[in-house]
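Undergrad: What follows is a structure written as structure tokens; I'll ask about it next.
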Amino acid sequence: MSFPSIRSRASRRDVLQMLALGVAASALPRFAVADADTDARFVLVILRGALDGLAAVPAYGDSGYAAQRGQLAITSLDHRLDGMFALNPACNNLYARYRAKELVVVHAVASPYRERSHFDGQDLLENGTTNPLGKSDGWLNRVLPALPYHTRQSEKVAVALSQNVPLVLRGNERVGSWAPSQLPAADSDTLDRLADLYSGDPILANRLQSALSANDMAGGGSMGGGTRDPLGQLDAIASAAGRLLAPANGSRIAVIELTGWDTHANQGSNEGQLFNRLQALDRGLETLRTSLGPAWSRTAIMVVTEFGRTVAVNGTRGTDHGTATCSFLFGGAVAGGRVIADWPGLSKSSLYQGRDLQPTTDLRSVFKGVLTAHLHAKETELNQRVFPDSGAAKAIDGLIKA
Amino acid sequence: MTIDNVIATNRFGLGARPGELDQVAGDPKGWLAQQIQGVRPSPPEIGTLPNSAAVFRVYEDSRQQQQRAKREAAAADPEEAKKKFMAVRKAVAPIYLDQVAARYEIAVKSTESFRERLVHFWTNHFAVSADKPQVAALAATLENEAIRPHLAGSFTDLLLAVEAHPAMILYLDNQASIGTDSKVAKRFEHRANAEGRKLGINENLAREILELHTLGVNGGYTQADVTSFARVLTGWSIGSDRGPMAAGDTGKFFFRDNAHEPGAQTVLGKRYAEDGEGQARAVLRDLAKHPATATHIATKLVRHFIGDDPPPDAVTRIAKVFRDSSGQLTQVHQAVIDLAPAWRPEFVKYKTPHEFVVSTLRSVDLVPPKPQQVFASFQLLGQRPFTPGSPAGWPDTAAQWDGPDALLKRIEWATQFGDRIGAKVKPLEVAAAALGQSLSKRTRTAISRAASAAQGVTLLLASPEFMRR
């Protein structure tokens, strides 16, 4: 009998979804006049697993950096941002954006979360409160009614580039979602963890090893995680995001989530695991930029993670869960070419709890700066509903070109 | 603290649902024992599905329509004929998908999952395969109409119900098996000769009953036994209101006296007098009580609940209960519960994809909303429901399921499942509710260190203790 095969079904669904989005976009009323207020695009990129801010943006000018980081210290410094900071050597495209004054690097930044659980840290980052269970919806959803295009159907305004809508975009306002619908390859980080989990189970350990080597022979293997890396899908996701956001009547807000930043072992420095991931991220973000076309000039993209990692290397040539990290804000609309950091220093005595980069900037201040200047949300609204009880975290001014 | 509740729900049951470990903890064996007694009303999930006779009609109507269309199309090129054939398959495809969805909704929701596991076990023992077009949407009806009602009865009644079911008769071609001295053979002899055909018996059903359903491949029967049993079985057919053989209730078991080989037959040294339909029943009754059948069934049950290499003393024990009780299934199933080695704390049975998916869905109490989603998971993991591909059924040993690529597929499926469900659950809580005291420290640590809830779910599902039962 004619069983539907998963492949043909998946690709058909792909096609249908893309068609549906296309139809929906063209069915929207055309804006009579380009309106600066309603023309801004915002993309939030969430890196799940805790990005090591001192690897992504090494504070090479800090006298404690090389000593504290040891073998993980980045010494390839072609992408110097100023006398203190550089971009990871993997980030060629981001560095080009910096030189084009389209990238702001924020450092020693953190959400209000001060524990070290990924789940809780991500929940708090996304629910916009100071408590992992503070709210069951996300701040980017709560801000939608406060935006000037709230009269449009919200699922056309905001879209998640994933199978599930991440918490940050969940809530009363309907939002769209899109994801490549073929069964995802398991990412290399998960496979590494499973290899570890199977270390007491020779049968499963052998099976997994065989499967992976066969997979490598079949054409994987580049870029650390090879073709099984979730970042391998980033290009498709970024292209899709561009297609959704670029049209005059397209979406205005998109959320992309990427896993695999939890570098507990063999993190690498000038090259290696994290370098490869950052390179894939850098390339994916460049794909997003080019696929946005002319809309790039009206776009701001924020790259955030739930927290940072320990300053010192751990026993497995990696880093453990930490506190402050870095964040990127870039786009054609961004007043970039600078680093925003109230730098706490890396001497032992200046670290948070003696191990982590001390947070000196509240990530919500950056969010607020973008939401007010770029998306024209009102700060009072942000302080009350979007980020409850966050009055102390003032919006950072001047992030967006006037 | 014992892990008997974990074993009861995972090894005997289909995987612990949230809260089930606590409910079972007081009396795990009693929880199992009450499930194997008595009859149960047909599950509501299958109440709305067409029965086997209705499925048969849908298939036959479509087939006849297409044949007519094919005849009417003057230029009947092969491509066109193929299309017609596909159209027949399509007629029953939606029924199949609904049946699959119902089966797995029952499996996920069941509070008597040991009983449900036994339903699946016996369905697989009496396997038909839905990749044969006529059987595509009949396979599930065999489970619902022949297996479920007899789960707490005798093996004899179960066997009689299964072999008379339209799905089994069609799957093993018995409707086409004609006694060479039957009236039909005589009547159509001339025409058959003219067409160069020879009407005769088909041994398929007889052989598989002996080899797979009762005695087992080494059960002591000969080719002569197969042939004579096949003659006995001639006439066991399905009613139809069309064609030269129109007779009986369409789609229901119908004994075609005029296709039955007349006369006495000898099977396994015993002479069975001519008794029409009853002749095969007599053979089946004796086969059900044959000592080789007891050992064959016992071996499969012990393999399913203890390990891929069934310990001989456990097999001996179950076979004895089977013989002593004349195959009363409640007593046989109770004997399995009472086997000490079935309660070994080590999880040694590698889950089939079917078990893996069902236990996953049960762990988070999730019934996928669309039939296609259920189907797709099994398809992807290599165990499309009701399609074992052979009358031997799906294999019940790890070697058939734990290949490297299969493991990787399972991990990928678990990754997707984690992505879908991760945001809605707490992985450690799911792990604790599914595996209780059997959750290893290593796995617990891995889940707690996962980079996201989604990854935590993936690690749980792919963990050694969740992959096995």
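Numbering starts fresh at 1 for the residues of each chain in the structure tokens, the chains themselves are lettered A, B, ... in the order given, and ligands are numbered from 1 as they appear.
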Region 299-311 of chain B: which residues within 6 Å, counting only C-alpha atoms, same-chain residues fewer than 6 positions away excluded, as a list in words?
TA: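 Listing them by chain and then by number gives Ala342, Lys349 and Thr397 of chain B.
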Undergrad: Please produce an output containing N, CA and C atoms for each residue in the selection, written as a PDB file, in the first residue's frame.
TA:
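Contents of result.pdb, as written:
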ATOM      1  N   ALA B 342      12.913 -13.087  36.005  1.00  0.00           N
ATOM      2  CA  ALA B 342      12.271 -11.962  35.322  1.00  0.00           C
ATOM      3  C   ALA B 342      12.359 -10.688  36.150  1.00  0.00           C
ATOM      4  N   LYS B 349      17.058  -6.490  28.205  1.00  0.00           N
ATOM      5  CA  LYS B 349      16.334  -6.525  26.932  1.00  0.00           C
ATOM      6  C   LYS B 349      16.452  -5.165  26.240  1.00  0.00           C
ATOM      7  N   THR B 397      15.239 -10.195  19.586  1.00  0.00           N
ATOM      8  CA  THR B 397      16.587 -10.212  20.154  1.00  0.00           C
ATOM      9  C   THR B 397      17.321  -8.928  19.775  1.00  0.00           C
TER      10      THR B 397
END
Undergrad: Residues near region 329-340 of chain A, anyone? I mean within 10 Å using only C-alpha atoms, not counting same-chain ones fewer than 5 positions away, as a PDB file with C-alpha atoms, in the first residue's frame.
TA:
ATOM      1  CA  ALA A  40      12.781  48.062  11.748  1.00  0.00           C
ATOM      2  CA  ARG A  41      13.798  44.415  11.918  1.00  0.00           C
ATOM      3  CA  PHE A  42      15.027  42.712  15.044  1.00  0.00           C
ATOM      4  CA  VAL A  43      16.587  39.265  15.288  1.00  0.00           C
ATOM      5  CA  LEU A  44      17.402  37.631  18.607  1.00  0.00           C
ATOM      6  CA  LEU A  81      38.698  45.828  18.581  1.00  0.00           C
ATOM      7  CA  ASP A  82      40.667  48.245  20.754  1.00  0.00           C
ATOM      8  CA  MET A  84      41.757  45.748  25.492  1.00  0.00           C
ATOM      9  CA  PHE A  85      39.543  43.469  23.421  1.00  0.00           C
ATOM     10  CA  ALA A  86      39.721  41.386  20.289  1.00  0.00           C
ATOM     11  CA  LEU A  94      31.732  39.981  12.545  1.00  0.00           C
ATOM     12  CA  TYR A  95      35.053  41.777  12.503  1.00  0.00           C
ATOM     13  CA  ALA A  96      34.164  43.236   9.114  1.00  0.00           C
ATOM     14  CA  ARG A  97      30.899  44.478  10.607  1.00  0.00           C
ATOM     15  CA  TYR A  98      32.852  46.031  13.457  1.00  0.00           C
ATOM     16  CA  ARG A  99      35.060  47.892  11.039  1.00  0.00           C
ATOM     17  CA  ALA A 100      31.965  49.004   9.153  1.00  0.00           C
ATOM     18  CA  LYS A 101      30.711  50.378  12.459  1.00  0.00           C
ATOM     19  CA  GLU A 102      27.800  47.996  12.485  1.00  0.00           C
ATOM     20  CA  LEU A 103      28.805  45.926  15.510  1.00  0.00           C
ATOM     21  CA  VAL A 104      28.649  46.737  19.195  1.00  0.00           C
ATOM     22  CA  VAL A 105      30.315  44.276  21.520  1.00  0.00           C
ATOM     23  CA  VAL A 106      28.989  44.314  25.062  1.00  0.00           C
ATOM     24  CA  HIS A 107      31.199  42.620  27.621  1.00  0.00           C
ATOM     25  CA  ALA A 108      30.979  41.597  31.270  1.00  0.00           C
ATOM     26  CA  VAL A 109      27.250  41.439  30.697  1.00  0.00           C
ATOM     27  CA  LEU A 285      25.196  35.460  10.611  1.00  0.00           C
ATOM     28  CA  ARG A 289      23.000  39.663   6.572  1.00  0.00           C
ATOM     29  CA  PRO A 294      18.286  46.147   1.496  1.00  0.00           C
ATOM     30  CA  ALA A 295      16.468  45.441   4.784  1.00  0.00           C
ATOM     31  CA  TRP A 296      19.864  45.049   6.406  1.00  0.00           C
ATOM     32  CA  SER A 297      20.092  48.794   6.857  1.00  0.00           C
ATOM     33  CA  ARG A 298      17.027  48.679   9.075  1.00  0.00           C
ATOM     34  CA  THR A 299      18.064  45.595  11.027  1.00  0.00           C
ATOM     35  CA  ALA A 300      19.468  45.005  14.507  1.00  0.00           C
ATOM     36  CA  ILE A 301      20.592  41.530  15.561  1.00  0.00           C
ATOM     37  CA  MET A 302      21.389  40.561  19.129  1.00  0.00           C
ATOM     38  CA  VAL A 303      23.373  37.460  20.039  1.00  0.00           C
ATOM     39  CA  VAL A 304      22.934  36.400  23.660  1.00  0.00           C
ATOM     40  CA  THR A 361      26.179  45.400  32.737  1.00  0.00           C
ATOM     41  CA  VAL A 366      20.863  46.350  26.261  1.00  0.00           C
ATOM     42  CA  PHE A 367      17.508  44.809  25.381  1.00  0.00           C
ATOM     43  CA  VAL A 370      17.290  48.238  21.367  1.00  0.00           C
ATOM     44  CA  HIS A 374      14.977  50.539  17.323  1.00  0.00           C
ATOM     45  CA  ILE A 396      21.481  52.033  27.232  1.00  0.00           C
ATOM     46  CA  GLY A 398      22.820  55.411  21.543  1.00  0.00           C
ATOM     47  CA  LEU A 399      22.878  51.787  20.418  1.00  0.00           C
ATOM     48  CA  ILE A 400      20.907  52.560  17.284  1.00  0.00           C
ATOM     49  CA  LYS A 401      21.812  55.051  14.572  1.00  0.00           C
ATOM     50  CA  ALA A 402      19.841  58.213  14.904  1.00  0.00           C
TER      51      ALA A 402
END
Undergrad: Between CA of Asn141 (chain A) and CA of Leu169 (chain A), what is the distance, to one decimal in Å?
TA: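 Distance between the two atoms: 4.7 Å.
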Undergrad: Please identify all polymer residues within 10 Å of Val357 (chain B), counting only C-alpha atoms, omitting same-chain residues fewer than 6 positions from it, and present them as a PyMOL selection string.
TA: chain B and resi 14-15+104+108+351+363+374+377-378+381+410+413-414+461
Undergrad: Skipping near chain neighbours, those fewer than 5 positions away, what residues fall within 10 Å of Gln71 (chain A) using only C-alpha atoms, listed as a PyMOL selection string?
TA: chain A and resi 66+268-270+312-313+317-318
Undergrad: Would you list, as a PyMOL selection string, the residues of region 51-206 of chain B that end up in alpha helix (DSSP H) under DSSP run on this structure's backbone?
TA: chain B and resi 52-72+78-109+113-125+139-142+155-163+166-171+183-194+204-206
Undergrad: Name all residues at most 12 Å from His333 (chain B) (count only C-alpha atoms; drop same-chain ones fewer than 5 positions away) and give them as number ranges by chain.
TA: B: 12, 29, 32-37, 114-115, 117-119, 121-122, 151-155, 297-298, 301-302, 304-305, 317-319, 321-322, 325, 327-328, 338-339
Undergrad: So that I have them on file, write out the residues from the current selection with N, CA and C atoms, as a tab-separated table (two decimals), in the first residue's frame.
TA:
chain	number	residue	atom	x	y	z
B	12	PHE	N	7.69	-5.50	32.26
B	12	PHE	CA	6.41	-6.15	32.01
B	12	PHE	C	5.45	-5.18	31.31
B	29	LYS	N	3.69	-7.00	41.89
B	29	LYS	CA	3.22	-8.25	41.30
B	29	LYS	C	1.70	-8.33	41.27
B	32	LEU	N	0.46	-6.42	38.34
B	32	LEU	CA	0.54	-7.19	37.10
B	32	LEU	C	-0.55	-8.26	37.05
B	33	ALA	N	-0.74	-8.94	38.19
B	33	ALA	CA	-1.64	-10.10	38.21
B	33	ALA	C	-3.08	-9.71	37.86
B	34	GLN	N	-3.51	-8.56	38.36
B	34	GLN	CA	-4.91	-8.21	38.08
B	34	GLN	C	-5.14	-7.87	36.60
B	35	GLN	N	-4.05	-7.56	35.90
B	35	GLN	CA	-4.23	-7.17	34.49
B	35	GLN	C	-4.48	-8.35	33.56
B	36	ILE	N	-4.10	-9.54	34.03
B	36	ILE	CA	-4.15	-10.69	33.10
B	36	ILE	C	-5.39	-11.53	33.30
B	37	GLN	N	-6.29	-11.05	34.16
B	37	GLN	CA	-7.50	-11.82	34.42
B	37	GLN	C	-8.70	-11.17	33.77
B	114	PHE	N	0.83	-3.99	31.05
B	114	PHE	CA	1.30	-5.37	30.93
B	114	PHE	C	0.34	-6.12	30.01
B	115	ARG	N	-0.94	-5.91	30.24
B	115	ARG	CA	-1.94	-6.54	29.36
B	115	ARG	C	-1.72	-6.09	27.91
B	117	ARG	N	1.06	-5.00	26.58
B	117	ARG	CA	2.27	-5.63	26.06
B	117	ARG	C	1.98	-7.06	25.60
B	118	LEU	N	1.16	-7.77	26.37
B	118	LEU	CA	0.82	-9.14	25.98
B	118	LEU	C	0.00	-9.16	24.69
B	119	VAL	N	-0.87	-8.17	24.53
B	119	VAL	CA	-1.60	-8.05	23.26
B	119	VAL	C	-0.60	-7.95	22.11
B	121	PHE	N	2.53	-8.80	22.14
B	121	PHE	CA	3.32	-10.05	22.06
B	121	PHE	C	2.57	-11.09	21.22
B	122	TRP	N	1.30	-11.28	21.51
B	122	TRP	CA	0.55	-12.32	20.79
B	122	TRP	C	0.26	-11.90	19.35
B	151	LEU	N	-7.29	-12.89	25.34
B	151	LEU	CA	-6.03	-12.77	26.08
B	151	LEU	C	-6.06	-13.50	27.42
B	152	ALA	N	-7.21	-13.59	28.02
B	152	ALA	CA	-7.30	-14.27	29.31
B	152	ALA	C	-8.02	-15.61	29.19
B	153	GLY	N	-8.15	-16.08	27.96
B	153	GLY	CA	-8.79	-17.38	27.74
B	153	GLY	C	-7.74	-18.46	27.52
B	154	SER	N	-8.09	-19.44	26.72
B	154	SER	CA	-7.14	-20.52	26.47
B	154	SER	C	-6.39	-20.27	25.16
B	155	PHE	N	-5.19	-20.84	25.08
B	155	PHE	CA	-4.42	-20.72	23.85
B	155	PHE	C	-5.19	-21.35	22.69
B	297	ILE	N	5.98	-21.83	22.86
B	297	ILE	CA	5.41	-20.61	23.44
B	297	ILE	C	6.21	-20.17	24.66
B	298	ALA	N	6.57	-21.15	25.49
B	298	ALA	CA	7.33	-20.82	26.71
B	298	ALA	C	8.65	-20.16	26.35
B	301	LEU	N	8.01	-16.55	25.35
B	301	LEU	CA	7.67	-15.70	26.50
B	301	LEU	C	8.90	-15.42	27.36
B	302	VAL	N	9.68	-16.45	27.59
B	302	VAL	CA	10.87	-16.26	28.44
B	302	VAL	C	11.87	-15.34	27.74
B	304	HIS	N	11.14	-12.99	25.78
B	304	HIS	CA	10.59	-11.63	25.81
B	304	HIS	C	10.77	-10.97	27.17
B	305	PHE	N	10.69	-11.77	28.24
B	305	PHE	CA	10.70	-11.15	29.56
B	305	PHE	C	12.00	-11.34	30.33
B	317	ARG	N	9.78	-24.41	33.17
B	317	ARG	CA	8.75	-24.04	34.14
B	317	ARG	C	7.48	-23.54	33.42
B	318	ILE	N	7.65	-22.62	32.49
B	318	ILE	CA	6.50	-22.05	31.79
B	318	ILE	C	5.82	-23.12	30.94
B	319	ALA	N	6.61	-23.96	30.31
B	319	ALA	CA	6.03	-25.02	29.47
B	319	ALA	C	5.19	-25.97	30.32
B	321	VAL	N	3.58	-25.24	33.14
B	321	VAL	CA	2.32	-24.56	33.48
B	321	VAL	C	1.39	-24.56	32.26
B	322	PHE	N	1.98	-24.34	31.10
B	322	PHE	CA	1.18	-24.34	29.86
B	322	PHE	C	0.49	-25.69	29.68
B	325	SER	N	-2.09	-26.55	32.56
B	325	SER	CA	-3.31	-25.74	32.55
B	325	SER	C	-4.05	-25.86	31.22
B	327	GLY	N	-3.04	-24.77	28.51
B	327	GLY	CA	-2.85	-23.51	27.81
B	327	GLY	C	-3.76	-22.39	28.26
B	328	GLN	N	-4.15	-22.41	29.54
B	328	GLN	CA	-4.93	-21.28	30.05
B	328	GLN	C	-3.99	-20.07	30.18
B	338	ASP	N	5.75	-14.91	37.95
B	338	ASP	CA	6.34	-15.59	39.10
B	338	ASP	C	7.78	-16.06	38.86
B	339	LEU	N	8.30	-15.88	37.67
B	339	LEU	CA	9.67	-16.30	37.40
B	339	LEU	C	10.65	-15.36	38.10
Undergrad: So that I can see what lies close to Gln279 (chain B), please list as a list in words the residues with an atom at most 12 Å from it, counting only C-alpha atoms and leaving out residues fewer than 4 positions away in the same chain.
TA: Ser228, Phe229, Ala230, Arg231, Val232, Leu233, Thr234, Gly235, Trp236, Phe255, Asp257, His260, Glu261, Pro262, Gly263, Ala264, Gln265, Thr266, Val267, Lys270, Arg271, Tyr272, Ala273, Glu274, Asp275, Val283, Leu284, Arg285 and Asp286 of chain B
Undergrad: Point out the residue among B:Asp22, B:Asp313, B:Glu143, B:Asp131 with the least atom-to-atom distance to chain A, counting only C-alpha atoms.
TA: B:Asp131
Undergrad: Could you tell me which residues of chain B sit within 9 Å of chain A when counting only C-alpha atoms, and give me the result as a ChimeraX atom specification?
TA: /B:85-93,97,130-134,136,372,375-377,379-380,402-409,411-416,419-421,423,426,442-443,446,448-453,455,458-459,462-464
Undergrad: Write out as a list of chain:residue names each polymer residue whose atoms come within 8 Å of Ala90 (chain A), counting only C-alpha atoms; drop sequence neighbours fewer than 6 positions from it.
TA: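 Counting only C-alpha atoms, the residues come to A:Phe275, A:Asn276, A:Leu278, A:Gln279, A:Asp282.
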Undergrad: Go through B:Ala176, B:Asn204, B:Lys70, B:Val162 one by one, measure the shortest atom-to-atom distance of each to Ser390 (chain B) using only C-alpha atoms, and give the residue with the smallest value.
TA: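 Ranking B:Ala176, B:Asn204, B:Lys70, B:Val162 by distance to Ser390 (chain B), first place goes to B:Asn204.
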Undergrad: Considering only C-alpha atoms, state which residue in the set B:Asn258, B:Ser326, B:Ser129, B:Gln175 is at the smallest distance from Lys289 (chain B).
TA: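 The closest residue to Lys289 (chain B) is B:Ser326.
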Undergrad: Using CA of Asp342 (chain A) and CA of Pro359 (chain A) as the two end points, give the distance in Å to one decimal.
TA: 8.9 Å
Undergrad: Could you check the closest approach to Pro145 (chain A) for each of A:Ala377, A:Leu351, A:Leu357, A:Ala395 and tell me which residue wins, using only C-alpha atoms?
TA: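 Result for the nearest residue to Pro145 (chain A): A:Ala377.
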